[in-house]
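Q: Please find coords_11.cif (mmCIF, C-alpha atoms) on the next line:
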data_model
loop_
_atom_site.label_atom_id
_atom_site.label_comp_id
_atom_site.auth_asym_id
_atom_site.auth_seq_id
_atom_site.Cartn_x
_atom_site.Cartn_y
_atom_site.Cartn_z
CA MET A 185 0.00 0.00 0.00
CA ILE A 186 1.31 3.40 -0.90
CA ARG A 187 1.20 5.52 2.19
CA ALA A 188 0.00 9.05 1.91
CA PRO A 189 2.49 11.48 3.37
CA LEU A 190 1.64 12.99 6.69
CA HIS A 191 -0.63 15.89 5.89
CA LEU A 192 1.38 18.06 8.14
CA LEU A 193 4.40 17.44 6.03
CA ALA A 194 2.51 17.87 2.79
CA SER A 195 1.02 21.21 3.69
CA ALA A 196 4.17 22.44 5.33
CA ALA A 197 6.22 21.47 2.32
CA ALA A 198 3.86 23.29 0.01
CA SER A 199 4.44 26.51 1.88
CA ALA A 200 7.95 25.82 3.04
CA VAL A 201 9.48 28.84 1.34
CA VAL A 202 6.80 31.14 2.65
CA VAL A 203 7.09 29.79 6.15
CA LEU A 204 10.85 29.90 6.11
CA SER A 205 10.96 33.48 4.93
CA ALA A 206 8.30 34.40 7.45
CA LEU A 207 10.28 32.86 10.23
CA LEU A 208 13.41 34.63 9.13
CA SER A 209 11.72 38.00 8.90
CA TRP A 210 9.94 37.43 12.20
CA SER A 211 12.21 38.13 15.12
CA ALA A 212 11.78 34.49 16.00
CA PRO A 213 13.95 32.44 18.23
CA THR A 214 16.54 30.58 16.23
CA ALA A 215 16.23 26.84 16.00
CA ALA A 216 18.74 26.48 18.78
CA ALA A 217 17.02 29.03 20.95
CA ALA A 218 13.70 27.44 20.22
CA ASP A 219 14.91 24.26 21.79
CA GLU A 220 15.39 26.15 25.00
CA LEU A 221 11.91 27.54 25.03
CA ASP A 222 8.94 25.81 26.44
CA ASP A 223 6.80 24.49 23.57
CA ALA A 224 3.76 26.47 24.53
CA ARG A 225 5.69 29.69 24.95
CA PHE A 226 7.21 29.17 21.54
CA LEU A 227 3.76 28.83 19.98
CA THR A 228 2.17 31.71 21.88
CA GLN A 229 5.02 34.02 20.90
CA CYS A 230 4.61 33.00 17.30
CA VAL A 231 0.85 33.60 17.34
CA GLU A 232 1.09 36.92 19.12
CA THR A 233 3.66 38.08 16.60
CA GLN A 234 1.89 36.83 13.49
CA LEU A 235 -1.67 37.61 14.43
CA ALA A 236 -1.26 41.26 13.48
CA SER A 237 -1.24 39.99 9.90
CA GLY A 238 -4.37 37.91 10.39
CA THR A 239 -5.39 34.47 11.57
CA ALA A 240 -4.56 32.85 8.21
CA ARG A 241 -1.02 34.14 8.50
CA ALA A 242 -0.71 32.93 12.08
CA GLU A 243 -1.94 29.49 11.05
CA SER A 244 0.42 29.20 8.12
CA VAL A 245 3.45 30.22 10.16
CA CYS A 246 2.79 28.79 13.62
CA LEU A 247 0.93 25.54 13.00
CA GLY A 248 3.34 22.62 13.00
CA LEU A 249 6.28 24.53 14.42
CA ILE A 250 6.91 21.80 16.98
CA ALA A 251 5.59 18.67 15.27
CA LEU A 252 7.30 19.23 11.94
CA PRO A 253 10.94 19.31 13.08
CA CYS A 254 10.14 16.61 15.62
CA THR A 255 8.78 14.33 12.88
CA ASP A 256 11.73 15.06 10.63
CA ALA A 257 14.03 13.77 13.33
CA GLY A 258 12.16 10.49 13.53
CA PRO A 259 13.14 6.91 12.76
CA SER A 260 13.65 5.49 9.32
CA ALA A 261 10.65 5.10 7.05
CA ASP A 262 11.55 1.43 6.80
CA ASP A 263 10.14 0.80 10.25
CA VAL A 264 6.53 1.81 9.69
CA GLN A 265 5.34 1.01 13.18
CA ALA A 266 8.13 2.99 14.84
CA GLN A 267 7.66 5.88 12.46
CA GLU A 268 3.92 6.08 13.11
CA LYS A 269 4.48 5.95 16.84
CA HIS A 270 7.00 8.74 16.55
CA GLU A 271 4.69 10.88 14.40
CA ILE A 272 1.87 10.48 16.90
CA ALA A 273 4.19 11.46 19.74
CA CYS A 274 5.33 14.58 17.86
CA LEU A 275 1.79 15.61 16.99
CA SER A 276 0.58 14.97 20.54
CA ARG A 277 3.43 17.06 21.88
CA GLU A 278 2.30 20.02 19.78
CA THR A 279 -1.36 19.39 20.66
CA ALA A 280 -0.45 19.57 24.34
CA ALA A 281 1.35 22.85 23.73
CA TRP A 282 -1.65 24.35 21.95
CA GLN A 283 -3.84 23.26 24.86
CA VAL A 284 -1.56 25.15 27.23
CA ALA A 285 -1.94 28.19 24.98
CA VAL A 286 -5.73 27.91 25.03
CA ASP A 287 -5.69 27.57 28.80
CA GLU A 288 -3.51 30.67 29.02
CA TRP A 289 -5.71 32.78 26.72
CA TRP A 290 -9.09 31.59 27.94
CA PRO A 291 -9.31 33.71 31.13
CA ASP A 292 -8.75 36.93 29.19
CA LEU A 293 -11.40 36.00 26.69
CA LEU A 294 -13.88 35.06 29.37
CA ALA A 295 -13.12 38.24 31.30
CA ALA A 296 -13.85 40.31 28.21
CA THR A 297 -17.28 38.70 27.85
CA VAL A 298 -18.03 39.18 31.54
CA THR A 299 -17.17 42.86 31.18
CA LEU A 300 -19.42 43.12 28.15
CA ASP A 301 -22.30 41.47 29.99
CA ALA A 302 -21.83 43.73 33.00
CA ARG A 303 -21.86 46.82 30.79
CA ASP A 304 -25.12 45.77 29.18
CA ASP A 305 -26.62 44.24 32.32
CA ARG A 306 -27.18 41.00 30.45
CA GLN A 307 -26.55 38.43 33.15
CA SER A 308 -23.83 36.36 31.49
CA ALA A 309 -25.38 36.16 28.03
CA SER A 310 -22.06 36.57 26.27
CA ALA A 311 -20.03 34.58 28.78
CA ASP A 312 -22.49 31.69 28.63
CA ALA A 313 -22.47 31.82 24.85
CA LEU A 314 -18.67 31.61 24.86
CA ARG A 315 -18.70 28.59 27.16
CA GLN A 316 -21.35 26.85 25.09
CA ALA A 317 -19.51 27.58 21.88
CA HIS A 318 -16.33 26.09 23.24
CA ARG A 319 -18.12 22.99 24.46
CA ALA A 320 -19.67 22.63 21.01
CA TRP A 321 -16.23 23.06 19.50
CA GLU A 322 -14.84 20.26 21.68
CA SER A 323 -17.57 17.90 20.47
CA PHE A 324 -16.97 18.98 16.90
CA ALA A 325 -13.21 18.45 17.15
CA GLN A 326 -13.72 14.95 18.50
CA ALA A 327 -16.16 14.03 15.73
CA GLU A 328 -14.06 15.67 13.03
CA CYS A 329 -10.96 13.75 14.06
CA ALA A 330 -12.89 10.50 14.33
CA TYR A 331 -13.75 11.02 10.68
CA ALA A 332 -10.12 11.78 9.83
CA ALA A 333 -9.22 8.48 11.49
CA ALA A 334 -12.08 6.52 9.90
CA LEU A 335 -10.95 7.54 6.43
CA TRP A 336 -7.96 5.26 6.91
CA GLY A 337 -10.17 2.26 7.57
CA ARG A 338 -8.21 -0.66 8.92
CA SER A 339 -4.81 0.93 8.32
CA THR A 340 -2.79 1.65 11.45
CA TYR A 341 -2.16 5.07 9.94
CA ARG A 342 -5.63 6.04 11.16
CA GLU A 343 -4.18 6.99 14.54
CA VAL A 344 -1.60 9.25 12.92
CA SER A 345 -4.39 10.88 10.97
CA ARG A 346 -6.40 11.38 14.16
CA ALA A 347 -3.41 12.92 15.96
CA ASP A 348 -2.71 15.20 13.01
CA CYS A 349 -6.35 16.33 12.96
CA GLU A 350 -6.38 16.93 16.71
CA MET A 351 -3.30 19.10 16.53
CA ARG A 352 -4.52 21.15 13.58
CA THR A 353 -8.07 21.58 14.86
CA LEU A 354 -6.89 22.72 18.28
CA ALA A 355 -4.23 25.01 16.80
CA ARG A 356 -6.83 26.76 14.65
CA ARG A 357 -9.17 27.11 17.60
CA ALA A 358 -6.39 28.50 19.77
CA ILE A 359 -5.52 31.11 17.15
CA GLN A 360 -9.17 32.07 16.72
CA LEU A 361 -9.61 32.48 20.46
CA ARG A 362 -6.48 34.58 20.73
CA ALA A 363 -7.70 36.75 17.87
CA GLN A 364 -10.96 37.32 19.75
CA THR A 365 -9.17 38.62 22.81
CA GLY A 366 -7.38 41.24 20.77
CA LEU A 367 -3.68 41.94 20.83
CA ASP A 368 -3.74 44.73 23.37
CA SER A 369 -4.78 42.62 26.31
CA MET B 1454 -31.06 17.95 0.43
CA PRO B 1455 -29.11 16.38 3.29
CA ARG B 1456 -30.64 16.71 6.71
CA ALA B 1457 -27.51 18.57 7.72
CA ALA B 1458 -28.04 21.14 5.02
CA SER B 1459 -31.68 21.63 5.90
CA LEU B 1460 -30.67 22.27 9.46
CA ALA B 1461 -28.01 24.65 8.27
CA ILE B 1462 -30.41 26.85 6.37
CA ALA B 1463 -33.04 26.69 9.09
CA SER B 1464 -30.57 27.68 11.75
CA LEU B 1465 -29.20 30.47 9.62
CA ILE B 1466 -32.64 31.97 9.21
CA ALA B 1467 -33.38 31.61 12.91
CA LEU B 1468 -30.09 33.06 14.01
CA ILE B 1469 -29.87 36.25 12.08
CA ALA B 1470 -33.60 36.87 12.00
CA ALA B 1471 -32.97 37.69 8.40
CA PRO B 1472 -34.50 40.74 6.85
CA ALA B 1473 -37.14 40.18 4.23
CA PRO B 1474 -35.69 38.51 1.13
CA ALA B 1475 -36.83 41.44 -0.94
CA ALA B 1476 -34.58 43.72 1.07
CA ALA B 1477 -31.65 41.39 0.57
CA GLN B 1478 -32.17 41.12 -3.14
CA ALA B 1479 -32.64 44.82 -3.57
CA ALA B 1480 -29.11 45.40 -2.34
CA GLY B 1481 -27.35 43.10 -4.77
CA PRO B 1482 -27.28 39.81 -6.63
CA SER B 1483 -29.30 36.80 -5.57
CA ALA B 1484 -27.74 33.86 -3.73
CA ALA B 1485 -27.75 31.88 -6.99
CA GLU B 1486 -25.88 34.65 -8.78
CA MET B 1487 -23.48 34.89 -5.88
CA ARG B 1488 -22.82 31.16 -6.03
CA ALA B 1489 -21.92 31.41 -9.70
CA GLN B 1490 -19.52 34.26 -8.91
CA ILE B 1491 -18.01 32.31 -6.02
CA GLU B 1492 -17.46 29.23 -8.19
CA ARG B 1493 -15.71 31.33 -10.81
CA CYS B 1494 -13.54 32.81 -8.08
CA LEU B 1495 -12.72 29.35 -6.70
CA ASP B 1496 -11.91 27.97 -10.14
CA ALA B 1497 -9.44 30.79 -10.65
CA ALA B 1498 -7.81 30.31 -7.25
CA ALA B 1499 -4.35 28.77 -7.32
CA ASP B 1500 -4.39 27.51 -3.74
CA ARG B 1501 -6.29 27.53 -0.46
CA ALA B 1502 -5.25 31.10 0.27
CA GLY B 1503 -6.71 32.08 -3.07
CA GLU B 1504 -9.92 30.26 -2.22
CA GLU B 1505 -10.10 31.99 1.15
CA ALA B 1506 -9.92 35.32 -0.66
CA CYS B 1507 -13.22 34.45 -2.33
CA ILE B 1508 -15.03 34.62 1.02
CA GLY B 1509 -16.89 37.87 1.49
CA ARG B 1510 -16.21 39.15 -1.96
CA THR B 1511 -19.75 38.97 -3.30
CA SER B 1512 -21.36 40.27 -0.13
CA GLY B 1513 -18.81 43.08 -0.13
CA ALA B 1514 -19.87 44.09 -3.61
CA CYS B 1515 -23.50 43.73 -2.57
CA MET B 1516 -22.94 46.21 0.26
CA GLU B 1517 -21.61 48.74 -2.22
CA ALA B 1518 -24.88 48.63 -4.14
CA PRO B 1519 -27.80 50.93 -3.31
CA GLY B 1520 -29.48 49.78 -0.13
CA GLY B 1521 -26.48 47.74 0.89
CA GLN B 1522 -25.10 50.13 3.45
CA THR B 1523 -27.87 49.93 6.04
CA THR B 1524 -27.80 47.32 8.78
CA VAL B 1525 -30.70 45.53 7.10
CA GLY B 1526 -29.02 45.76 3.71
CA MET B 1527 -25.69 44.48 5.01
CA ALA B 1528 -27.36 41.59 6.84
CA GLY B 1529 -29.20 40.74 3.62
CA CYS B 1530 -25.94 40.74 1.64
CA LEU B 1531 -24.22 38.53 4.21
CA GLY B 1532 -27.21 36.21 4.35
CA ALA B 1533 -27.30 35.88 0.57
CA GLU B 1534 -23.62 34.99 0.37
CA THR B 1535 -24.03 32.50 3.22
CA GLU B 1536 -26.87 30.88 1.29
CA ALA B 1537 -24.61 30.73 -1.75
CA TRP B 1538 -21.84 28.94 0.16
CA ASP B 1539 -24.39 26.66 1.81
CA SER B 1540 -25.69 25.74 -1.63
CA LEU B 1541 -22.14 24.95 -2.73
CA LEU B 1542 -21.60 22.89 0.40
CA ASN B 1543 -24.79 20.95 -0.33
CA ALA B 1544 -23.57 20.24 -3.85
CA LEU B 1545 -20.31 18.78 -2.52
CA TRP B 1546 -21.90 16.74 0.27
CA PRO B 1547 -23.25 13.86 -1.91
CA ARG B 1548 -19.83 13.38 -3.45
CA LEU B 1549 -18.21 13.10 -0.03
CA LYS B 1550 -20.88 10.65 1.09
CA ALA B 1551 -20.48 8.59 -2.06
CA ASP B 1552 -16.70 8.43 -1.65
CA ALA B 1553 -17.13 7.33 1.96
CA ALA B 1554 -19.70 4.67 1.08
CA GLU B 1555 -17.56 3.33 -1.75
CA SER B 1556 -14.51 2.95 0.47
CA ASP B 1557 -16.60 1.38 3.23
CA ALA B 1558 -18.02 -1.15 0.80
CA ALA B 1559 -14.56 -2.09 -0.41
CA GLU B 1560 -13.10 -2.55 3.05
CA SER B 1561 -15.91 -3.18 5.54
CA PRO B 1562 -14.26 -1.51 8.54
CA GLN B 1563 -17.31 -2.36 10.66
CA ALA B 1564 -16.38 -6.02 10.31
CA ALA B 1565 -13.22 -5.19 12.25
CA GLY B 1566 -15.17 -3.26 14.86
CA LEU B 1567 -14.15 0.10 13.41
CA PRO B 1568 -16.50 2.97 12.61
CA THR B 1569 -17.38 3.45 8.97
CA ARG B 1570 -16.34 6.49 6.99
CA ALA B 1571 -19.95 7.27 6.13
CA ASP B 1572 -21.14 7.25 9.74
CA SER B 1573 -18.13 9.27 10.87
CA LEU B 1574 -18.66 11.83 8.13
CA LEU B 1575 -22.29 12.32 9.11
CA ALA B 1576 -21.43 12.61 12.79
CA ALA B 1577 -18.72 15.16 12.02
CA GLN B 1578 -21.08 17.25 9.92
CA ARG B 1579 -23.77 17.23 12.57
CA ALA B 1580 -21.21 18.26 15.18
CA TRP B 1581 -20.00 21.02 12.89
CA ILE B 1582 -23.53 22.40 12.51
CA ALA B 1583 -23.96 22.47 16.29
CA PHE B 1584 -20.59 24.16 16.69
CA ARG B 1585 -21.26 26.74 13.98
CA ASP B 1586 -24.57 27.70 15.49
CA ALA B 1587 -23.12 27.97 19.01
CA GLU B 1588 -20.12 29.91 17.74
CA CYS B 1589 -22.30 32.35 15.86
CA LEU B 1590 -24.61 32.82 18.81
CA HIS B 1591 -21.51 33.83 20.72
CA ALA B 1592 -20.53 36.21 17.91
CA TYR B 1593 -24.06 37.65 18.04
CA ALA B 1594 -23.81 38.08 21.80
CA GLN B 1595 -20.52 39.91 21.35
CA GLY B 1596 -22.47 42.69 19.72
CA GLY B 1597 -24.01 43.58 23.06
CA MET B 1598 -27.39 45.25 22.84
CA GLY B 1599 -26.69 47.09 19.62
CA THR B 1600 -28.02 46.27 16.17
CA ILE B 1601 -24.45 45.47 15.18
CA ARG B 1602 -24.98 42.06 16.79
CA THR B 1603 -27.05 41.04 13.77
CA LEU B 1604 -24.06 41.68 11.55
CA TYR B 1605 -21.69 39.89 13.91
CA GLY B 1606 -23.91 36.82 13.81
CA ALA B 1607 -24.39 36.99 10.04
CA SER B 1608 -20.66 37.46 9.39
CA CYS B 1609 -19.92 34.45 11.55
CA GLN B 1610 -22.42 32.31 9.65
CA LEU B 1611 -20.86 33.36 6.37
CA GLU B 1612 -17.31 32.72 7.52
CA GLU B 1613 -18.02 29.34 9.10
CA THR B 1614 -20.16 28.07 6.22
CA ALA B 1615 -17.66 29.18 3.59
CA GLU B 1616 -14.75 27.64 5.48
CA ARG B 1617 -16.63 24.35 5.72
CA ALA B 1618 -17.33 24.39 2.00
CA LEU B 1619 -13.62 24.93 1.37
CA GLU B 1620 -12.85 22.02 3.67
CA PHE B 1621 -15.20 19.84 1.63
CA ARG B 1622 -13.44 20.90 -1.56
CA ALA B 1623 -10.07 20.12 -0.02
CA TRP B 1624 -11.27 16.70 1.17
CA LEU B 1625 -12.50 15.84 -2.28
CA ARG B 1626 -9.08 16.70 -3.67
CA ALA B 1627 -7.19 14.85 -0.91
CA PRO B 1628 -8.90 13.36 2.15
CA PRO B 1629 -7.75 14.64 5.55
#
What is this file in structure tokens?
A:
Amino acid sequence: MIRAPLHLLASAAASAVVVLSALLSWSAPTAAAADELDDARFLTQCVETQLASGTARAESVCLGLIALPCTDAGPSADDVQAQEKHEIACLSRETAAWQVAVDEWWPDLLAATVTLDARDDRQSASADALRQAHRAWESFAQAECAYAAALWGRSTYREVSRADCEMRTLARRAIQLRAQTGLDS
Amino acid sequence: MPRAASLAIASLIALIAAPAPAAAQAAGPSAAEMRAQIERCLDAAADRAGEEACIGRTSGACMEAPGGQTTVGMAGCLGAETEAWDSLLNALWPRLKADAAESDAAESPQAAGLPTRADSLLAAQRAWIAFRDAECLHAYAQGGMGTIRTLYGASCQLEETAERALEFRAWLRAPP
């Protein structure tokens, strides 16, 4: 069976030049310095720098910053089982970092809605809507990534596909949430 | 029309409490005309970024037309473009379902205790509809007590629906 390349790699490769130039022009940590940074801090710095140019820009530059180099440093493609295990570990590592970012940004976002509700005397309308939307997003992400896994049928690659989906879906959500809080907070 | 799509249109109408269709049409092209414009834009796009640039283009032009600059006119323009993207999404849905069913038939994942592609696709789409509606209710609430909330909600519906349609297009080119 011909294995499809990891989507992360495919999409990253397609925009490799753009991403590389963006990283160079961005006052980003160097690769060596990046190793010294906490994963989540690395991602949040990237988002907060890139978001001024829009969420699409932040996604194209920041998504995969941890998983991609991690995957590249993985075992030989000859050992499929080991390679898949490594890819899942890399993707999960970045997913965990994005979750830390969401947890860091969430209080500011919630506080903004509480302030809005207080101003309009609306008894948590906006804050409740935010919580409900995020719960709905969590259910959506789970279902979406179950589909990404199911597409691989009986192949063991389905778990790589699920991990890739979980990382991407959470990364996009994190960037959207950060965009909603504004950059001046 | 898929149940998902019916729900999508129903929830759209409920959410933005859309102005009378006549008001929407007076400000610009119909949803059908917008869909044709969107498809031309998508066909000319070189990549996903190019496709993303198609979102909001027709409603933007609609808002430049007479009647398009009032809150009602703008909501009508946004609603018409959302309907156009929803129509496109509905056109892609049967192809995704057919692809899923074909692969399931060839492999029978359920025989190995695994979920089928078709069931997973339907579950994902239903979850997306619930998310989109909740997300856009939040966007609406962000508008506070002002009439701007109608536009916040309508913009959210447009953005989410269009993004989903682009996801469908991407999946048909190369599954996730």
Q: Report as a count of residues only the full result of the PyMOL selection byres ((chain B) within 6 of (chain A)) when it is applied to this structure.
A: 13
Q: Taking only C-alpha atoms into account, which of B:Glu1505, B:Asp1500, B:Glu1613, B:Glu1560 comes nearest Arg1626 (chain B)?
A: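 Comparing B:Glu1505, B:Asp1500, B:Glu1613, B:Glu1560 against Arg1626 (chain B), the winner is B:Asp1500.
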Q: Given the file shown, enumerate the residues that the PyMOL selection byres ((chain A and resi 351) around 7) captures and present them as number ranges by chain.
A: A: 275-276, 278-279, 347-350, 352-355
Q: What do you get, as a PyMOL selection string, if you spell out every residue that the PyMOL selection byres ((chain B and resi 1506-1523) around 7) selects here?
A: chain B and resi 1479-1482+1487+1491+1494-1495+1502-1505+1524-1527+1530-1531+1534+1615
Q: Using only C-alpha atoms, which of the listed residues (A:Glu288, A:Asp262, A:Glu343, A:Asp223) sits closest to Ala358 (chain A)?
A: A:Glu288
Q: Using CA of Arg225 (chain A) and CA of Asp256 (chain A) as the two end points, give the distance in Å to one decimal.
A: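 Computing it gives 21.3 Å between the two atoms.
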Q: CA of Glu1492 (chain B) to CA of Ala1544 (chain B): how many Å, to one decimal?
A: 11.7 Å
Q: How many Å lie between CA of Pro1568 (chain B) and CA of Arg342 (chain A), rounded to one decimal?
A: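 For CA of Pro1568 (chain B) relative to CA of Arg342 (chain A), the distance reads 11.4 Å.
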Q: Box in all listed atoms of region 259-268 of chain A, axis-aligned, with 5 Å more on each side; write out centre and edge lengths in Å to one decimal as AutoDock Vina command-line options.
A:
--center_x 8.8 --center_y 3.9 --center_z 10.8 --size_x 19.7 --size_y 16.1 --size_z 18.0
Q: Measuring between all atoms listed in the file, which one of A:Glu268, A:Glu232, A:Asp222, A:Asp292 shows the shortest distance to Val245 (chain A)?
A: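 For Val245 (chain A), the nearest of the given residues is A:Glu232.
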Q: Just checking: using all atoms listed in the file, which residue out of B:Ser1556, B:Gln1610, B:Thr1603, B:Thr1569 ends up closest to Cys1589 (chain B)?
A: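 Residue with the minimum atom-to-atom distance to Cys1589 (chain B): B:Gln1610.
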Q: At most 8 Å from (-23.1, 31.9, 0.7), file frame, all atoms listed in the file: which residues, as a PyMOL selection string?
A: chain B and resi 1484+1487-1488+1531-1541+1611+1614-1615
Q: Could you please take those selected residues and save C-alpha atoms as a PDB file, keeping the file's coordinate frame?
A:
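File selection11.pdb, as written:
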ATOM      1  CA  ALA B1484     -27.740  33.860  -3.730  1.00  0.00           C
ATOM      2  CA  MET B1487     -23.480  34.890  -5.880  1.00  0.00           C
ATOM      3  CA  ARG B1488     -22.820  31.160  -6.030  1.00  0.00           C
ATOM      4  CA  LEU B1531     -24.220  38.530   4.210  1.00  0.00           C
ATOM      5  CA  GLY B1532     -27.210  36.210   4.350  1.00  0.00           C
ATOM      6  CA  ALA B1533     -27.300  35.880   0.570  1.00  0.00           C
ATOM      7  CA  GLU B1534     -23.620  34.990   0.370  1.00  0.00           C
ATOM      8  CA  THR B1535     -24.030  32.500   3.220  1.00  0.00           C
ATOM      9  CA  GLU B1536     -26.870  30.880   1.290  1.00  0.00           C
ATOM     10  CA  ALA B1537     -24.610  30.730  -1.750  1.00  0.00           C
ATOM     11  CA  TRP B1538     -21.840  28.940   0.160  1.00  0.00           C
ATOM     12  CA  ASP B1539     -24.390  26.660   1.810  1.00  0.00           C
ATOM     13  CA  SER B1540     -25.690  25.740  -1.630  1.00  0.00           C
ATOM     14  CA  LEU B1541     -22.140  24.950  -2.730  1.00  0.00           C
ATOM     15  CA  LEU B1611     -20.860  33.360   6.370  1.00  0.00           C
ATOM     16  CA  THR B1614     -20.160  28.070   6.220  1.00  0.00           C
ATOM     17  CA  ALA B1615     -17.660  29.180   3.590  1.00  0.00           C
TER      18      ALA B1615
END
